[in-house]
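Some notes on the structure that comes next.
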Amino acid sequence: MHLPPLRNFAAFFWNMDIKENLNRIKASLPQGVKLVAVSKTHPVEMLQEAYDAGQRIFGENKVQEMTAKSQVLPRDIEWHFIGHVQSNKIKMMAPYVSVIQGVDTYDKLVEIDRQAARNSRHITCFLQLHIASEDTKFGFSPDECSAMLEQGDWKNLKNITIGGVMGMATNTDDLAQVRREFGRLKEIFDTYKQNYFAGSADFNTISAGMSGDYELAIEAGSNMVRIGSAIFGERNYNLNK
Ligand SMILES: *Cc1c(COP(=O)(O)O)cnc(C)c1O
């Protein structure tokens with residue numbers, strides 16, 4: 001059996017009361033840090049419970065699942081797509097998604113812009129940066145991303161806004177490494193802000209931190225955390241296949 005690293009054990013001590021979990025987490029977040037409730041794999045009843053407790057931002061990582069949920073839940077939910085973006089699925093979420101967090105190529109920005117325009121909408125995109133040492137995580141390398149921003153064609157995409165960066169730290173018990181990776185994301189954000197978005201208020205978000213490491217992410221400068229298991233409990237992927 002594969003055990004998660006120790007820093008994820010906090011998630012095992014979750015309480016079944018979604019409202020209580022949300023309130024406890026919200027109370028622990030400094031002012032200005034937004035909470036994305038990561039509801040992937042969980043049934044709409046559980047999302048509704050979080051909604052009734054005041055939560056409005058939800059994160060999902062499968063387009064079909066997010067779309068099905070968006071159709072039955074209240075219209076004022078802000079849906080964030082936090083999974084790996086596949087170009088052919090952008091069309092399905094373009095009518096309603098607020099933020100697409102995992103953008104990792106220029107071509108995907110172009111396709112999101114095209115689909116947003118077809119729906120007369122504006123979609124916020126975060127640039128996903130590969131900051132972890134694991135190869136399994138997606139994202140631009142910092143060099144690729146800088147080259148894309150430097151090249152400048154993205155400025156012609158009128159139906160998207162680049163709203164910030166997103167990253168995931170390595171899944172490890174080495175807290176110094178996790179801190180270093182989140183620190184790197186903050187440095188990259190600051191550099192981009194200065195070099196490419198100096199005059200813009202839109203580029204303002206560092207999305208980093210999950211149930212097991214969000215305190216470290218906030219210390220490093222994150223202002224949007226994506227928390228799943230500490231709110232909704234452990235996920236059972238098999239039940240949802
Ligand atoms: C699942 C997921 C999360 C939430 O993870 P928890 O450990 O359950 O808080 C955050 N970000 C991304 C990109 C995810 O896929």
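We name chains A, B, ... following the order of the structure tokens; residues begin at 1 in each chain, and ligands are numbered from 1 as shown.
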
Exercise. Please extract the residues at most 8 Å from ligand 1, counting only C-alpha atoms and all ligand atoms, and provide them as an MDAnalysis selection string, using the chain letters and residue numbers of this document.
Key: chainID A and resid 8 11 38 40 59:61 82:83 102 167:168 208:212 225:231 233:235

File of the preceding selection, N, CA and C atoms, as a compact mmCIF listing (two decimals), in the first residue's frame:
```
# COMPACT_ATOMS: atom_id res chain seq x y z
N ASN A 8 0.44 15.10 4.42
CA ASN A 8 -0.94 14.94 3.97
C ASN A 8 -1.83 14.29 5.02
N ALA A 11 -5.12 15.73 6.46
CA ALA A 11 -6.37 15.52 5.73
C ALA A 11 -7.14 14.31 6.25
N VAL A 38 -12.05 22.59 -3.59
CA VAL A 38 -11.81 21.60 -4.64
C VAL A 38 -12.74 20.40 -4.42
N LYS A 40 -13.73 18.01 -6.73
CA LYS A 40 -13.63 16.88 -7.67
C LYS A 40 -13.96 15.55 -6.99
N GLY A 59 -13.46 24.32 -7.43
CA GLY A 59 -12.45 23.86 -8.38
C GLY A 59 -12.68 22.41 -8.75
N GLU A 60 -12.58 22.12 -10.04
CA GLU A 60 -12.76 20.75 -10.55
C GLU A 60 -11.64 20.47 -11.54
N ASN A 61 -11.34 19.18 -11.73
CA ASN A 61 -10.25 18.86 -12.65
C ASN A 61 -10.65 17.98 -13.84
N ILE A 82 -9.08 23.35 -12.62
CA ILE A 82 -7.73 23.25 -12.04
C ILE A 82 -6.97 22.05 -12.59
N GLY A 83 -7.58 21.34 -13.54
CA GLY A 83 -6.92 20.14 -14.07
C GLY A 83 -6.03 20.46 -15.25
N GLY A 102 -4.96 25.88 -15.26
CA GLY A 102 -3.82 25.05 -15.65
C GLY A 102 -3.33 25.29 -17.06
N GLY A 167 0.74 26.89 -9.33
CA GLY A 167 1.79 25.89 -9.23
C GLY A 167 1.49 24.88 -8.13
N MET A 168 2.14 23.73 -8.24
CA MET A 168 2.02 22.68 -7.23
C MET A 168 3.42 22.29 -6.79
N ALA A 208 -1.58 28.75 -5.15
CA ALA A 208 -0.68 27.70 -4.67
C ALA A 208 -1.10 27.28 -3.27
N GLY A 209 -0.98 26.00 -3.00
CA GLY A 209 -1.29 25.46 -1.69
C GLY A 209 -2.54 24.60 -1.74
N MET A 210 -2.43 23.39 -1.16
CA MET A 210 -3.53 22.44 -1.09
C MET A 210 -3.71 22.07 0.39
N SER A 211 -4.55 21.06 0.67
CA SER A 211 -4.83 20.74 2.08
C SER A 211 -3.55 20.55 2.91
N GLY A 212 -2.58 19.86 2.33
CA GLY A 212 -1.40 19.49 3.11
C GLY A 212 -0.32 20.55 3.20
N VAL A 225 -5.70 29.63 -2.35
CA VAL A 225 -5.41 28.23 -2.01
C VAL A 225 -6.50 27.34 -2.58
N ARG A 226 -6.12 26.14 -2.95
CA ARG A 226 -7.07 25.18 -3.55
C ARG A 226 -7.17 23.99 -2.61
N ILE A 227 -8.26 23.94 -1.85
CA ILE A 227 -8.35 22.95 -0.78
C ILE A 227 -9.51 22.00 -1.01
N GLY A 228 -9.19 20.71 -1.01
CA GLY A 228 -10.19 19.68 -1.25
C GLY A 228 -10.44 18.84 -0.02
N SER A 229 -9.53 17.91 0.26
CA SER A 229 -9.79 16.91 1.29
C SER A 229 -10.01 17.49 2.68
N ALA A 230 -9.40 18.62 3.01
CA ALA A 230 -9.62 19.20 4.34
C ALA A 230 -11.04 19.78 4.47
N ILE A 231 -11.73 19.95 3.35
CA ILE A 231 -13.13 20.41 3.42
C ILE A 231 -14.09 19.23 3.26
N GLY A 233 -13.23 15.82 2.83
CA GLY A 233 -12.78 14.49 3.21
C GLY A 233 -12.00 13.83 2.08
N GLU A 234 -11.57 12.63 2.34
CA GLU A 234 -10.78 11.90 1.35
C GLU A 234 -11.63 11.59 0.13
N ARG A 235 -10.96 11.55 -1.01
CA ARG A 235 -11.67 11.23 -2.25
C ARG A 235 -11.60 9.74 -2.51
```

Would you list, as a PDB file with N, CA and C atoms, in the first residue's frame, the residues of region 5-224 of chain A that end up in strand (DSSP E) under DSSP run on this structure's backbone?
```
ATOM      1  N   LYS A  34      -7.822  33.987  -1.171  1.00  0.00           N
ATOM      2  CA  LYS A  34      -9.079  33.379  -1.620  1.00  0.00           C
ATOM      3  C   LYS A  34      -9.025  31.866  -1.506  1.00  0.00           C
ATOM      4  N   LEU A  35     -10.184  31.306  -1.252  1.00  0.00           N
ATOM      5  CA  LEU A  35     -10.297  29.854  -1.094  1.00  0.00           C
ATOM      6  C   LEU A  35     -11.072  29.239  -2.255  1.00  0.00           C
ATOM      7  N   VAL A  36     -10.418  28.324  -2.968  1.00  0.00           N
ATOM      8  CA  VAL A  36     -11.102  27.505  -3.970  1.00  0.00           C
ATOM      9  C   VAL A  36     -11.418  26.175  -3.284  1.00  0.00           C
ATOM     10  N   ALA A  37     -12.706  25.829  -3.217  1.00  0.00           N
ATOM     11  CA  ALA A  37     -13.098  24.545  -2.634  1.00  0.00           C
ATOM     12  C   ALA A  37     -12.997  23.495  -3.737  1.00  0.00           C
ATOM     13  N   VAL A  38     -12.047  22.589  -3.586  1.00  0.00           N
ATOM     14  CA  VAL A  38     -11.805  21.601  -4.644  1.00  0.00           C
ATOM     15  C   VAL A  38     -12.740  20.400  -4.422  1.00  0.00           C
ATOM     16  N   ILE A  57     -16.614  29.739  -4.718  1.00  0.00           N
ATOM     17  CA  ILE A  57     -15.599  29.355  -5.704  1.00  0.00           C
ATOM     18  C   ILE A  57     -15.319  27.854  -5.567  1.00  0.00           C
ATOM     19  N   PHE A  58     -15.525  27.130  -6.665  1.00  0.00           N
ATOM     20  CA  PHE A  58     -15.301  25.681  -6.662  1.00  0.00           C
ATOM     21  C   PHE A  58     -14.295  25.306  -7.741  1.00  0.00           C
ATOM     22  N   GLY A  59     -13.460  24.323  -7.428  1.00  0.00           N
ATOM     23  CA  GLY A  59     -12.452  23.859  -8.384  1.00  0.00           C
ATOM     24  C   GLY A  59     -12.679  22.409  -8.747  1.00  0.00           C
ATOM     25  N   GLU A  60     -12.578  22.118 -10.042  1.00  0.00           N
ATOM     26  CA  GLU A  60     -12.758  20.753 -10.545  1.00  0.00           C
ATOM     27  C   GLU A  60     -11.644  20.466 -11.538  1.00  0.00           C
ATOM     28  N   GLU A  78     -18.588  30.439  -9.015  1.00  0.00           N
ATOM     29  CA  GLU A  78     -17.443  30.744  -9.870  1.00  0.00           C
ATOM     30  C   GLU A  78     -16.670  29.429 -10.049  1.00  0.00           C
ATOM     31  N   TRP A  79     -16.692  28.891 -11.272  1.00  0.00           N
ATOM     32  CA  TRP A  79     -16.033  27.605 -11.521  1.00  0.00           C
ATOM     33  C   TRP A  79     -14.596  27.815 -11.973  1.00  0.00           C
ATOM     34  N   HIS A  80     -13.684  27.142 -11.287  1.00  0.00           N
ATOM     35  CA  HIS A  80     -12.275  27.185 -11.673  1.00  0.00           C
ATOM     36  C   HIS A  80     -11.874  25.810 -12.171  1.00  0.00           C
ATOM     37  N   PHE A  81     -11.360  25.751 -13.371  1.00  0.00           N
ATOM     38  CA  PHE A  81     -10.848  24.473 -13.860  1.00  0.00           C
ATOM     39  C   PHE A  81      -9.389  24.368 -13.430  1.00  0.00           C
ATOM     40  N   VAL A  99     -12.410  30.746 -14.411  1.00  0.00           N
ATOM     41  CA  VAL A  99     -10.947  30.760 -14.449  1.00  0.00           C
ATOM     42  C   VAL A  99     -10.442  29.390 -14.888  1.00  0.00           C
ATOM     43  N   ILE A 100      -9.525  29.383 -15.829  1.00  0.00           N
ATOM     44  CA  ILE A 100      -8.851  28.146 -16.213  1.00  0.00           C
ATOM     45  C   ILE A 100      -7.435  28.255 -15.662  1.00  0.00           C
ATOM     46  N   GLN A 101      -7.168  27.442 -14.628  1.00  0.00           N
ATOM     47  CA  GLN A 101      -5.927  27.630 -13.868  1.00  0.00           C
ATOM     48  C   GLN A 101      -4.719  26.911 -14.453  1.00  0.00           C
ATOM     49  N   GLY A 102      -4.959  25.883 -15.258  1.00  0.00           N
ATOM     50  CA  GLY A 102      -3.820  25.053 -15.647  1.00  0.00           C
ATOM     51  C   GLY A 102      -3.327  25.291 -17.059  1.00  0.00           C
ATOM     52  N   VAL A 103      -3.232  26.542 -17.483  1.00  0.00           N
ATOM     53  CA  VAL A 103      -2.817  26.783 -18.868  1.00  0.00           C
ATOM     54  C   VAL A 103      -1.302  26.634 -18.979  1.00  0.00           C
ATOM     55  N   ILE A 123     -12.577  35.043 -20.300  1.00  0.00           N
ATOM     56  CA  ILE A 123     -12.138  33.985 -19.385  1.00  0.00           C
ATOM     57  C   ILE A 123     -10.757  34.337 -18.830  1.00  0.00           C
ATOM     58  N   THR A 124     -10.645  34.209 -17.508  1.00  0.00           N
ATOM     59  CA  THR A 124      -9.352  34.453 -16.857  1.00  0.00           C
ATOM     60  C   THR A 124      -8.512  33.178 -16.913  1.00  0.00           C
ATOM     61  N   CYS A 125      -7.255  33.320 -17.253  1.00  0.00           N
ATOM     62  CA  CYS A 125      -6.340  32.176 -17.323  1.00  0.00           C
ATOM     63  C   CYS A 125      -5.172  32.394 -16.371  1.00  0.00           C
ATOM     64  N   PHE A 126      -4.760  31.323 -15.701  1.00  0.00           N
ATOM     65  CA  PHE A 126      -3.529  31.368 -14.912  1.00  0.00           C
ATOM     66  C   PHE A 126      -2.484  30.540 -15.651  1.00  0.00           C
ATOM     67  N   LEU A 127      -1.268  31.002 -15.636  1.00  0.00           N
ATOM     68  CA  LEU A 127      -0.163  30.265 -16.258  1.00  0.00           C
ATOM     69  C   LEU A 127       0.329  29.234 -15.251  1.00  0.00           C
ATOM     70  N   GLN A 128       0.219  27.959 -15.630  1.00  0.00           N
ATOM     71  CA  GLN A 128       0.704  26.927 -14.705  1.00  0.00           C
ATOM     72  C   GLN A 128       2.205  26.756 -14.894  1.00  0.00           C
ATOM     73  N   LEU A 129       2.934  26.873 -13.784  1.00  0.00           N
ATOM     74  CA  LEU A 129       4.390  26.728 -13.843  1.00  0.00           C
ATOM     75  C   LEU A 129       4.825  25.452 -13.163  1.00  0.00           C
ATOM     76  N   ILE A 160      -9.370  36.876 -23.315  1.00  0.00           N
ATOM     77  CA  ILE A 160      -8.814  36.277 -22.093  1.00  0.00           C
ATOM     78  C   ILE A 160      -8.058  37.345 -21.315  1.00  0.00           C
ATOM     79  N   THR A 161      -7.928  37.078 -20.024  1.00  0.00           N
ATOM     80  CA  THR A 161      -7.065  37.889 -19.172  1.00  0.00           C
ATOM     81  C   THR A 161      -6.090  36.934 -18.513  1.00  0.00           C
ATOM     82  N   ILE A 162      -4.825  37.247 -18.542  1.00  0.00           N
ATOM     83  CA  ILE A 162      -3.871  36.439 -17.777  1.00  0.00           C
ATOM     84  C   ILE A 162      -3.884  36.997 -16.356  1.00  0.00           C
ATOM     85  N   GLY A 163      -4.458  36.194 -15.446  1.00  0.00           N
ATOM     86  CA  GLY A 163      -4.739  36.702 -14.110  1.00  0.00           C
ATOM     87  C   GLY A 163      -3.714  36.338 -13.059  1.00  0.00           C
ATOM     88  N   GLY A 164      -2.735  35.505 -13.433  1.00  0.00           N
ATOM     89  CA  GLY A 164      -1.741  35.129 -12.446  1.00  0.00           C
ATOM     90  C   GLY A 164      -1.066  33.819 -12.783  1.00  0.00           C
ATOM     91  N   VAL A 165      -0.473  33.215 -11.767  1.00  0.00           N
ATOM     92  CA  VAL A 165       0.255  31.962 -11.945  1.00  0.00           C
ATOM     93  C   VAL A 165      -0.317  30.900 -11.006  1.00  0.00           C
ATOM     94  N   MET A 166      -0.080  29.655 -11.377  1.00  0.00           N
ATOM     95  CA  MET A 166      -0.531  28.533 -10.566  1.00  0.00           C
ATOM     96  C   MET A 166       0.610  27.524 -10.500  1.00  0.00           C
ATOM     97  N   GLY A 167       0.743  26.894  -9.331  1.00  0.00           N
ATOM     98  CA  GLY A 167       1.787  25.885  -9.231  1.00  0.00           C
ATOM     99  C   GLY A 167       1.490  24.875  -8.135  1.00  0.00           C
ATOM    100  N   THR A 205      -2.830  37.170  -9.070  1.00  0.00           N
ATOM    101  CA  THR A 205      -3.073  35.969  -8.259  1.00  0.00           C
ATOM    102  C   THR A 205      -1.934  34.960  -8.332  1.00  0.00           C
ATOM    103  N   ILE A 206      -1.579  34.456  -7.157  1.00  0.00           N
ATOM    104  CA  ILE A 206      -0.666  33.313  -7.061  1.00  0.00           C
ATOM    105  C   ILE A 206      -1.489  32.182  -6.462  1.00  0.00           C
ATOM    106  N   SER A 207      -1.842  31.208  -7.306  1.00  0.00           N
ATOM    107  CA  SER A 207      -2.650  30.089  -6.843  1.00  0.00           C
ATOM    108  C   SER A 207      -1.720  28.953  -6.452  1.00  0.00           C
ATOM    109  N   MET A 224      -4.182  32.540  -3.255  1.00  0.00           N
ATOM    110  CA  MET A 224      -5.328  31.683  -3.573  1.00  0.00           C
ATOM    111  C   MET A 224      -4.948  30.244  -3.272  1.00  0.00           C
TER     112      MET A 224
END
```

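Put simply, CA of Asp202 (chain A) is 17.8 Å away from CA of Glu187 (chain A).
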
Practice problem: Determine which residues of region 32-237 of chain A DSSP labels as helix (DSSP H, G or I) from the backbone of this structure, then write them out as a PyMOL selection string. | Solution: chain A and resi 44-52+63-72+87-93+106-118+142-151+153-156+175-196+214-219+229-232+237

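With only C-alpha atoms as the atoms that count, the minimum distance from Ala220 (chain A) to the choices A:Tyr196, A:Phe203, A:Tyr51, A:Phe189 is reached by A:Phe189.
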
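Minimum atom-to-atom distances from A:Val72, A:Cys145, A:Val44, A:Ala217 to Tyr192 (chain A) were compared using only C-alpha atoms, and the lowest value belongs to A:Cys145.
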
Set the distance at 8 Å and use only C-alpha atoms: which residues neighbour Lys108 (chain A) once local chain neighbours fewer than 4 positions away are removed? I'd like the list as a PDB file with N, CA, C and O atoms, in the first residue's frame.
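What landed in part21.pdb:
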```
ATOM      1  N   VAL A  85      -5.378  21.010 -18.886  1.00  0.00           N
ATOM      2  CA  VAL A  85      -6.271  21.487 -19.950  1.00  0.00           C
ATOM      3  C   VAL A  85      -5.984  20.726 -21.239  1.00  0.00           C
ATOM      4  O   VAL A  85      -4.854  20.701 -21.718  1.00  0.00           O
ATOM      5  N   SER A  87      -6.995  20.699 -25.206  1.00  0.00           N
ATOM      6  CA  SER A  87      -7.545  21.689 -26.144  1.00  0.00           C
ATOM      7  C   SER A  87      -8.963  21.365 -26.598  1.00  0.00           C
ATOM      8  O   SER A  87      -9.807  22.253 -26.718  1.00  0.00           O
ATOM      9  N   VAL A 103      -3.232  26.542 -17.483  1.00  0.00           N
ATOM     10  CA  VAL A 103      -2.817  26.783 -18.868  1.00  0.00           C
ATOM     11  C   VAL A 103      -1.302  26.634 -18.979  1.00  0.00           C
ATOM     12  O   VAL A 103      -0.549  27.275 -18.246  1.00  0.00           O
ATOM     13  N   ASP A 104      -0.869  25.746 -19.883  1.00  0.00           N
ATOM     14  CA  ASP A 104       0.561  25.452 -19.955  1.00  0.00           C
ATOM     15  C   ASP A 104       1.163  25.549 -21.352  1.00  0.00           C
ATOM     16  O   ASP A 104       2.310  25.153 -21.544  1.00  0.00           O
ATOM     17  N   ILE A 112      -8.540  29.084 -25.874  1.00  0.00           N
ATOM     18  CA  ILE A 112      -9.453  29.609 -24.846  1.00  0.00           C
ATOM     19  C   ILE A 112     -10.010  30.961 -25.308  1.00  0.00           C
ATOM     20  O   ILE A 112     -11.215  31.225 -25.194  1.00  0.00           O
TER      21      ILE A 112
END
```

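When CA of Arg121 (chain A) is paired with CA of Ile77 (chain A), their separation reads 16.0 Å.
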
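Here CA of Gly221 (chain A) is placed at a distance of 9.5 Å from CA of Val33 (chain A).
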
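Considering the residues A:Asp143, A:Asn195, A:Pro43, A:Phe232 and counting only C-alpha atoms, Ser70 (chain A) has its shortest atom-to-atom contact with A:Pro43.
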
Quiz item: A:Phe182, A:Trp154, A:Tyr214, A:Tyr96: which is nearest Ser120 (chain A), counting only C-alpha atoms?
Solution: A:Tyr96

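If you measure from each of A:His42, A:Glu49, A:Arg184, A:Pro30 to Asp17 (chain A) using only C-alpha atoms, the closest one turns out to be A:Glu49.
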